[in-house]
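Below is entry_17.csv, holding CSV, C-alpha atoms.
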chain,number,residue,atom,x,y,z
A,13,MET,CA,-2.8,-27.0,21.2
A,14,LEU,CA,-6.0,-28.9,22.2
A,15,CYS,CA,-7.5,-31.3,19.6
A,16,PRO,CA,-10.9,-29.9,18.6
A,17,LYS,CA,-12.3,-33.5,18.5
A,18,CYS,CA,-11.0,-35.2,21.7
A,19,SER,CA,-9.4,-32.2,23.6
A,20,SER,CA,-6.1,-34.0,23.9
A,21,GLU,CA,-3.0,-31.9,24.4
A,22,LYS,CA,-0.9,-34.3,22.3
A,23,SER,CA,-0.6,-33.1,18.8
A,24,SER,CA,2.2,-32.9,16.3
A,25,VAL,CA,2.8,-30.5,13.4
A,26,THR,CA,2.8,-32.3,10.1
A,27,ASP,CA,3.2,-29.2,7.8
A,28,SER,CA,4.0,-25.5,8.3
A,29,ARG,CA,3.7,-22.8,5.8
A,30,GLY,CA,4.0,-19.0,6.1
A,31,ASP,CA,2.9,-16.3,3.8
A,32,GLY,CA,4.3,-13.3,5.7
A,33,GLY,CA,1.1,-12.4,7.5
A,34,ALA,CA,0.5,-15.8,9.1
A,35,ILE,CA,1.9,-19.2,9.6
A,36,ARG,CA,-0.5,-22.1,8.7
A,37,ARG,CA,0.2,-25.3,10.6
A,38,ARG,CA,-1.4,-28.7,9.8
A,39,ARG,CA,-1.6,-30.7,13.0
A,40,GLU,CA,-2.5,-34.3,13.9
A,41,CYS,CA,-3.8,-35.5,17.2
A,42,GLN,CA,-1.6,-38.3,18.6
A,43,ASP,CA,-4.5,-39.8,20.5
A,44,CYS,CA,-7.4,-39.9,18.0
A,45,GLY,CA,-5.6,-39.2,14.7
A,46,PHE,CA,-7.8,-36.2,13.9
A,47,ARG,CA,-6.1,-33.6,11.5
A,48,PHE,CA,-6.8,-29.9,11.9
A,49,THR,CA,-5.3,-26.6,10.9
A,50,THR,CA,-4.2,-23.7,13.1
A,51,TYR,CA,-3.0,-20.2,12.1
A,52,GLU,CA,-0.4,-18.2,13.9
A,53,ARG,CA,-0.2,-14.5,13.3
A,54,VAL,CA,1.3,-11.4,15.0
A,55,GLU,CA,-1.2,-9.7,17.1
A,56,LEU,CA,-1.1,-6.0,16.6
A,57,VAL,CA,-3.1,-3.5,18.6
A,58,LEU,CA,-6.0,-2.4,16.4
A,59,PRO,CA,-8.0,0.8,17.0
A,60,GLY,CA,-11.2,0.8,18.9
A,61,VAL,CA,-14.4,1.3,16.8
A,62,ILE,CA,-16.8,4.2,17.4
A,63,LYS,CA,-20.3,3.0,16.6
A,64,LYS,CA,-23.1,5.1,15.1
A,65,ASP,CA,-24.7,5.5,18.5
A,66,GLY,CA,-21.5,6.6,20.2
A,67,ARG,CA,-20.7,3.2,21.8
A,68,ARG,CA,-17.1,2.0,21.6
A,69,GLU,CA,-16.0,-1.5,20.8
A,70,VAL,CA,-12.8,-3.3,20.2
A,71,PHE,CA,-12.0,-4.0,16.5
A,72,ASP,CA,-13.2,-7.6,15.9
A,73,ARG,CA,-11.7,-9.4,13.0
A,74,ASP,CA,-14.2,-12.2,13.2
A,75,LYS,CA,-17.1,-9.7,13.1
A,76,VAL,CA,-15.6,-8.3,9.8
A,77,ARG,CA,-15.2,-11.8,8.5
A,78,ARG,CA,-18.8,-12.7,9.3
A,79,GLY,CA,-19.9,-9.6,7.4
A,80,PHE,CA,-17.9,-10.7,4.4
A,81,ARG,CA,-19.3,-14.2,4.6
A,82,ARG,CA,-22.9,-13.0,4.9
A,83,ALA,CA,-22.5,-10.7,1.9
A,84,CYS,CA,-20.8,-13.5,-0.2
A,85,GLU,CA,-23.4,-16.2,0.8
A,86,LYS,CA,-24.2,-18.4,-2.3
A,87,ARG,CA,-21.7,-16.5,-4.4
A,88,PRO,CA,-18.7,-18.0,-6.1
A,89,VAL,CA,-16.2,-16.5,-3.6
A,90,SER,CA,-13.7,-18.8,-1.9
A,91,ALA,CA,-13.0,-18.7,1.8
A,92,GLU,CA,-9.4,-17.8,0.9
A,93,ALA,CA,-10.5,-14.8,-1.0
A,94,ILE,CA,-12.7,-13.7,1.9
A,95,ASP,CA,-9.7,-14.1,4.3
A,96,ALA,CA,-7.5,-12.1,2.0
A,97,ALA,CA,-10.1,-9.3,1.9
A,98,VAL,CA,-10.4,-9.3,5.7
A,99,ASP,CA,-6.6,-9.1,5.8
A,100,ALA,CA,-6.6,-6.1,3.5
A,101,VAL,CA,-9.2,-4.3,5.6
A,102,GLU,CA,-7.3,-5.0,8.8
A,103,LYS,CA,-4.1,-3.8,7.2
A,104,ARG,CA,-5.7,-0.6,5.9
A,105,ILE,CA,-7.1,0.1,9.5
A,106,GLN,CA,-3.6,-0.6,11.0
A,107,GLU,CA,-1.9,1.7,8.6
A,108,MET,CA,-4.1,4.6,9.8
A,109,CYS,CA,-2.2,4.5,13.1
A,110,VAL,CA,-5.1,5.8,15.1
A,111,LYS,CA,-6.4,4.8,18.5
A,112,GLU,CA,-10.1,4.9,17.4
A,113,ILE,CA,-11.8,4.7,14.1
A,114,ASP,CA,-15.4,5.6,13.1
A,115,SER,CA,-17.5,2.6,12.1
A,116,ARG,CA,-18.3,4.4,8.8
A,117,VAL,CA,-14.6,4.4,7.9
A,118,LEU,CA,-14.5,0.6,8.6
A,119,GLY,CA,-17.7,0.0,6.6
A,120,GLU,CA,-16.3,1.9,3.6
A,121,ALA,CA,-13.1,-0.2,3.8
A,122,VAL,CA,-15.2,-3.3,3.8
A,123,MET,CA,-17.3,-2.1,0.8
A,124,ASP,CA,-14.1,-1.2,-1.1
A,125,GLU,CA,-12.8,-4.8,-0.8
A,126,LEU,CA,-16.3,-6.3,-1.6
A,127,ARG,CA,-16.4,-4.2,-4.7
A,128,LYS,CA,-13.2,-5.8,-5.9
A,129,LEU,CA,-14.3,-9.2,-4.8
A,130,ASP,CA,-17.9,-9.6,-6.1
A,131,LYS,CA,-20.4,-7.0,-7.3
A,132,ILE,CA,-23.4,-8.8,-5.9
A,133,ALA,CA,-21.8,-9.2,-2.5
A,134,TYR,CA,-21.0,-5.5,-2.6
A,135,VAL,CA,-24.6,-4.5,-3.4
A,136,ARG,CA,-25.9,-6.8,-0.6
A,137,PHE,CA,-23.6,-5.3,2.0
A,138,ALA,CA,-24.2,-1.7,0.8
A,139,SER,CA,-27.9,-2.2,1.0
A,140,VAL,CA,-27.8,-3.2,4.6
A,141,TYR,CA,-24.9,-0.9,5.6
A,142,ARG,CA,-26.2,2.2,4.0
A,143,GLU,CA,-29.8,1.3,5.0
A,144,PHE,CA,-31.4,1.5,1.5
A,145,SER,CA,-35.0,2.7,1.8
A,146,ASP,CA,-36.1,2.5,-1.8
A,147,VAL,CA,-35.3,1.0,-5.2
A,148,ASN,CA,-33.6,4.1,-6.4
A,149,GLN,CA,-30.8,3.6,-3.9
A,150,PHE,CA,-30.2,0.1,-5.3
A,151,VAL,CA,-30.1,1.5,-8.8
A,152,ASP,CA,-27.6,4.1,-7.8
A,153,ALA,CA,-25.4,1.5,-6.2
A,154,LEU,CA,-25.6,-0.7,-9.3
A,155,GLN,CA,-24.8,2.2,-11.6
A,156,SER,CA,-21.8,3.2,-9.5
A,157,LEU,CA,-20.3,-0.3,-10.3
A,158,GLY,CA,-20.3,0.6,-14.0
A,159,LYS,CA,-18.9,4.1,-13.7
A,160,PRO,CA,-15.7,4.4,-15.7
A,161,THR,CA,-12.4,5.4,-14.1
A,162,ASN,CA,-9.1,6.2,-15.7
A,163,ASP,CA,-6.3,3.6,-15.9
A,164,PRO,CA,-3.3,5.0,-14.0
A,165,ASP,CA,-0.9,3.8,-16.6
A,166,THR,CA,-2.6,4.8,-19.8
A,167,GLY,CA,-5.1,7.3,-18.7
A,168,ALA,CA,-7.8,5.5,-20.7
A,169,PRO,CA,-11.2,5.0,-19.2
A,170,VAL,CA,-11.7,1.5,-17.7
A,171,LYS,CA,-14.7,-0.2,-16.1
A,172,VAL,CA,-14.7,-0.9,-12.3
A,173,GLY,CA,-15.5,-4.4,-11.2
A,174,ASN,CA,-15.6,-7.9,-12.7
A,175,GLU,CA,-17.1,-7.3,-16.1

Is it possible to express this structure as structure tokens?
Amino acid sequence: MLCPKCSSEKSSVTDSRGDGGAIRRRRECQDCGFRFTTYERVELVLPGVIKKDGRREVFDRDKVRRGFRRACEKRPVSAEAIDAAVDAVEKRIQEMCVKEIDSRVLGEAVMDELRKLDKIAYVRFASVYREFSDVNQFVDALQSLGKPTNDPDTGAPVKVGNE
């Protein structure tokens, strides 16, 4: 592993922790003393993404993460929460066991996770993703956040989101 500061190949692992999905390693460069973190995770083959215009792209985890970060800009959402949401989207896509997936399905998965994470981030993403053209579409998106659903255990109506 190259040191991001001095590019030395001499680094030692000072701490290792795993959470099932990835192993987090704290490293220290033996030449300059710089400390940095690396992550090790199993690389699974993810489906290709079919874009709106018919182009095909490889699923890009970093692109999904950038979308989450942009939606959550200036919101009280931690980097760890964003990474967990990206993991959930990636897992959901993997569980579909398909070779290609429509970008709309991927976008809906992202919106589902954003809805759980932060309402404002959800509306931001939805407005760009669904290409809102007027205020009424914003109002509809906001109202959908407050629609009651039924609790699976009690059957009683509950609000969706962070209220």

Pairwise distance, atom CA of Val117 of chain A with atom CA of Glu52 of chain A, equals 27.4 Å

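If you measure from each of A:Ile105, A:Cys18, A:Val57, A:Ala96 to Leu118 of chain A using only C-alpha atoms, the closest one turns out to be A:Ile105.
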
Min atom-atom distance to Arg77 of chain A from the set A:Asp65, A:Asp27, A:Asp130, A:Glu102, counting only C-alpha atoms, belongs to A:Glu102

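For the atom pair formed by atom CA of Gly33 of chain A and atom CA of Gly119 of chain A, the distance is 22.5 Å, given to one decimal.
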
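For the choices A:Ser20, A:Ser115, A:Asn148, A:Gln106, the atom-to-atom distance to Cys44 of chain A is smallest for A:Ser20 when using only C-alpha atoms.
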
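Among the candidate residues A:Val89, A:Met108, A:Cys41, A:Val101, the one lying nearest to Val122 of chain A is A:Val101, with distances computed using all atoms listed in the file.
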
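Using all atoms listed in the file for every distance, the candidate list A:Arg116, A:Arg47, A:Arg136, A:Lys128 yields A:Arg136 as the residue closest to Arg81 of chain A.
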
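Using all atoms listed in the file, the nearest neighbour of Phe48 of chain A within the list A:Arg82, A:Ala91, A:Ser24, A:Val110 is A:Ser24.
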
A straight line from atom CA of Lys17 of chain A to atom CA of Asp43 of chain A spans 10.2 Å

Neighbours of Glu112 of chain A within 7 Å (only C-alpha atoms; same-chain residues fewer than 6 positions away dropped), as number ranges by chain?
A: 59-62

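Once Arg39 of chain A and its same-chain neighbours fewer than 2 positions away are set aside, Met13, Leu14, Cys15, Pro16, Glu21, Lys22, Ser23, Ser24, Val25, Thr26, Asp27, Ser28, Arg29, Arg36, Arg37, Cys41, Gln42, Cys44, Gly45, Phe46, Arg47, Phe48, Thr49, Thr50 and Tyr51 of chain A remain within 12 Å of it when counting all atoms listed in the file.
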
For segment 109-130 of chain A, supply N, CA and C atoms and report the output as a PDB file, in the coordinates of the input.
ATOM      1  N   CYS A 109      -2.886   4.189  11.842  1.00  0.00           N
ATOM      2  CA  CYS A 109      -2.200   4.500  13.100  1.00  0.00           C
ATOM      3  C   CYS A 109      -2.990   5.459  13.984  1.00  0.00           C
ATOM      4  N   VAL A 110      -4.230   5.082  14.242  1.00  0.00           N
ATOM      5  CA  VAL A 110      -5.100   5.800  15.100  1.00  0.00           C
ATOM      6  C   VAL A 110      -5.550   4.936  16.276  1.00  0.00           C
ATOM      7  N   LYS A 111      -5.960   5.555  17.378  1.00  0.00           N
ATOM      8  CA  LYS A 111      -6.400   4.800  18.500  1.00  0.00           C
ATOM      9  C   LYS A 111      -7.892   4.389  18.399  1.00  0.00           C
ATOM     10  N   GLU A 112      -8.660   5.224  17.682  1.00  0.00           N
ATOM     11  CA  GLU A 112     -10.100   4.900  17.400  1.00  0.00           C
ATOM     12  C   GLU A 112     -10.429   5.276  16.011  1.00  0.00           C
ATOM     13  N   ILE A 113     -11.396   4.533  15.501  1.00  0.00           N
ATOM     14  CA  ILE A 113     -11.800   4.700  14.100  1.00  0.00           C
ATOM     15  C   ILE A 113     -13.357   4.720  14.090  1.00  0.00           C
ATOM     16  N   ASP A 114     -13.918   5.574  13.291  1.00  0.00           N
ATOM     17  CA  ASP A 114     -15.400   5.600  13.100  1.00  0.00           C
ATOM     18  C   ASP A 114     -15.829   4.396  12.370  1.00  0.00           C
ATOM     19  N   SER A 115     -16.946   3.829  12.771  1.00  0.00           N
ATOM     20  CA  SER A 115     -17.500   2.600  12.100  1.00  0.00           C
ATOM     21  C   SER A 115     -17.743   2.867  10.632  1.00  0.00           C
ATOM     22  N   ARG A 116     -18.036   4.113  10.267  1.00  0.00           N
ATOM     23  CA  ARG A 116     -18.300   4.400   8.800  1.00  0.00           C
ATOM     24  C   ARG A 116     -17.017   4.196   8.015  1.00  0.00           C
ATOM     25  N   VAL A 117     -15.858   4.558   8.567  1.00  0.00           N
ATOM     26  CA  VAL A 117     -14.600   4.400   7.900  1.00  0.00           C
ATOM     27  C   VAL A 117     -14.346   2.863   7.667  1.00  0.00           C
ATOM     28  N   LEU A 118     -14.608   2.093   8.710  1.00  0.00           N
ATOM     29  CA  LEU A 118     -14.500   0.600   8.600  1.00  0.00           C
ATOM     30  C   LEU A 118     -15.419   0.064   7.583  1.00  0.00           C
ATOM     31  N   GLY A 119     -16.661   0.510   7.596  1.00  0.00           N
ATOM     32  CA  GLY A 119     -17.700   0.000   6.600  1.00  0.00           C
ATOM     33  C   GLY A 119     -17.271   0.353   5.197  1.00  0.00           C
ATOM     34  N   GLU A 120     -16.727   1.538   4.979  1.00  0.00           N
ATOM     35  CA  GLU A 120     -16.300   1.900   3.600  1.00  0.00           C
ATOM     36  C   GLU A 120     -15.112   1.038   3.180  1.00  0.00           C
ATOM     37  N   ALA A 121     -14.209   0.714   4.099  1.00  0.00           N
ATOM     38  CA  ALA A 121     -13.100  -0.200   3.800  1.00  0.00           C
ATOM     39  C   ALA A 121     -13.595  -1.548   3.362  1.00  0.00           C
ATOM     40  N   VAL A 122     -14.593  -2.042   4.092  1.00  0.00           N
ATOM     41  CA  VAL A 122     -15.200  -3.300   3.800  1.00  0.00           C
ATOM     42  C   VAL A 122     -15.847  -3.262   2.380  1.00  0.00           C
ATOM     43  N   MET A 123     -16.580  -2.195   2.116  1.00  0.00           N
ATOM     44  CA  MET A 123     -17.300  -2.100   0.800  1.00  0.00           C
ATOM     45  C   MET A 123     -16.235  -1.964  -0.330  1.00  0.00           C
ATOM     46  N   ASP A 124     -15.117  -1.281  -0.106  1.00  0.00           N
ATOM     47  CA  ASP A 124     -14.100  -1.200  -1.100  1.00  0.00           C
ATOM     48  C   ASP A 124     -13.570  -2.596  -1.502  1.00  0.00           C
ATOM     49  N   GLU A 125     -13.337  -3.420  -0.487  1.00  0.00           N
ATOM     50  CA  GLU A 125     -12.800  -4.800  -0.800  1.00  0.00           C
ATOM     51  C   GLU A 125     -13.917  -5.643  -1.393  1.00  0.00           C
ATOM     52  N   LEU A 126     -15.167  -5.498  -0.949  1.00  0.00           N
ATOM     53  CA  LEU A 126     -16.300  -6.300  -1.600  1.00  0.00           C
ATOM     54  C   LEU A 126     -16.461  -5.894  -3.010  1.00  0.00           C
ATOM     55  N   ARG A 127     -16.287  -4.626  -3.320  1.00  0.00           N
ATOM     56  CA  ARG A 127     -16.400  -4.200  -4.700  1.00  0.00           C
ATOM     57  C   ARG A 127     -15.439  -4.873  -5.606  1.00  0.00           C
ATOM     58  N   LYS A 128     -14.223  -5.083  -5.105  1.00  0.00           N
ATOM     59  CA  LYS A 128     -13.200  -5.800  -5.900  1.00  0.00           C
ATOM     60  C   LYS A 128     -13.489  -7.290  -5.954  1.00  0.00           C
ATOM     61  N   LEU A 129     -14.101  -7.814  -4.903  1.00  0.00           N
ATOM     62  CA  LEU A 129     -14.300  -9.200  -4.800  1.00  0.00           C
ATOM     63  C   LEU A 129     -15.502  -9.764  -5.577  1.00  0.00           C
ATOM     64  N   ASP A 130     -16.662  -9.114  -5.412  1.00  0.00           N
ATOM     65  CA  ASP A 130     -17.900  -9.600  -6.100  1.00  0.00           C
ATOM     66  C   ASP A 130     -18.922  -8.479  -6.034  1.00  0.00           C
TER      67      ASP A 130
END
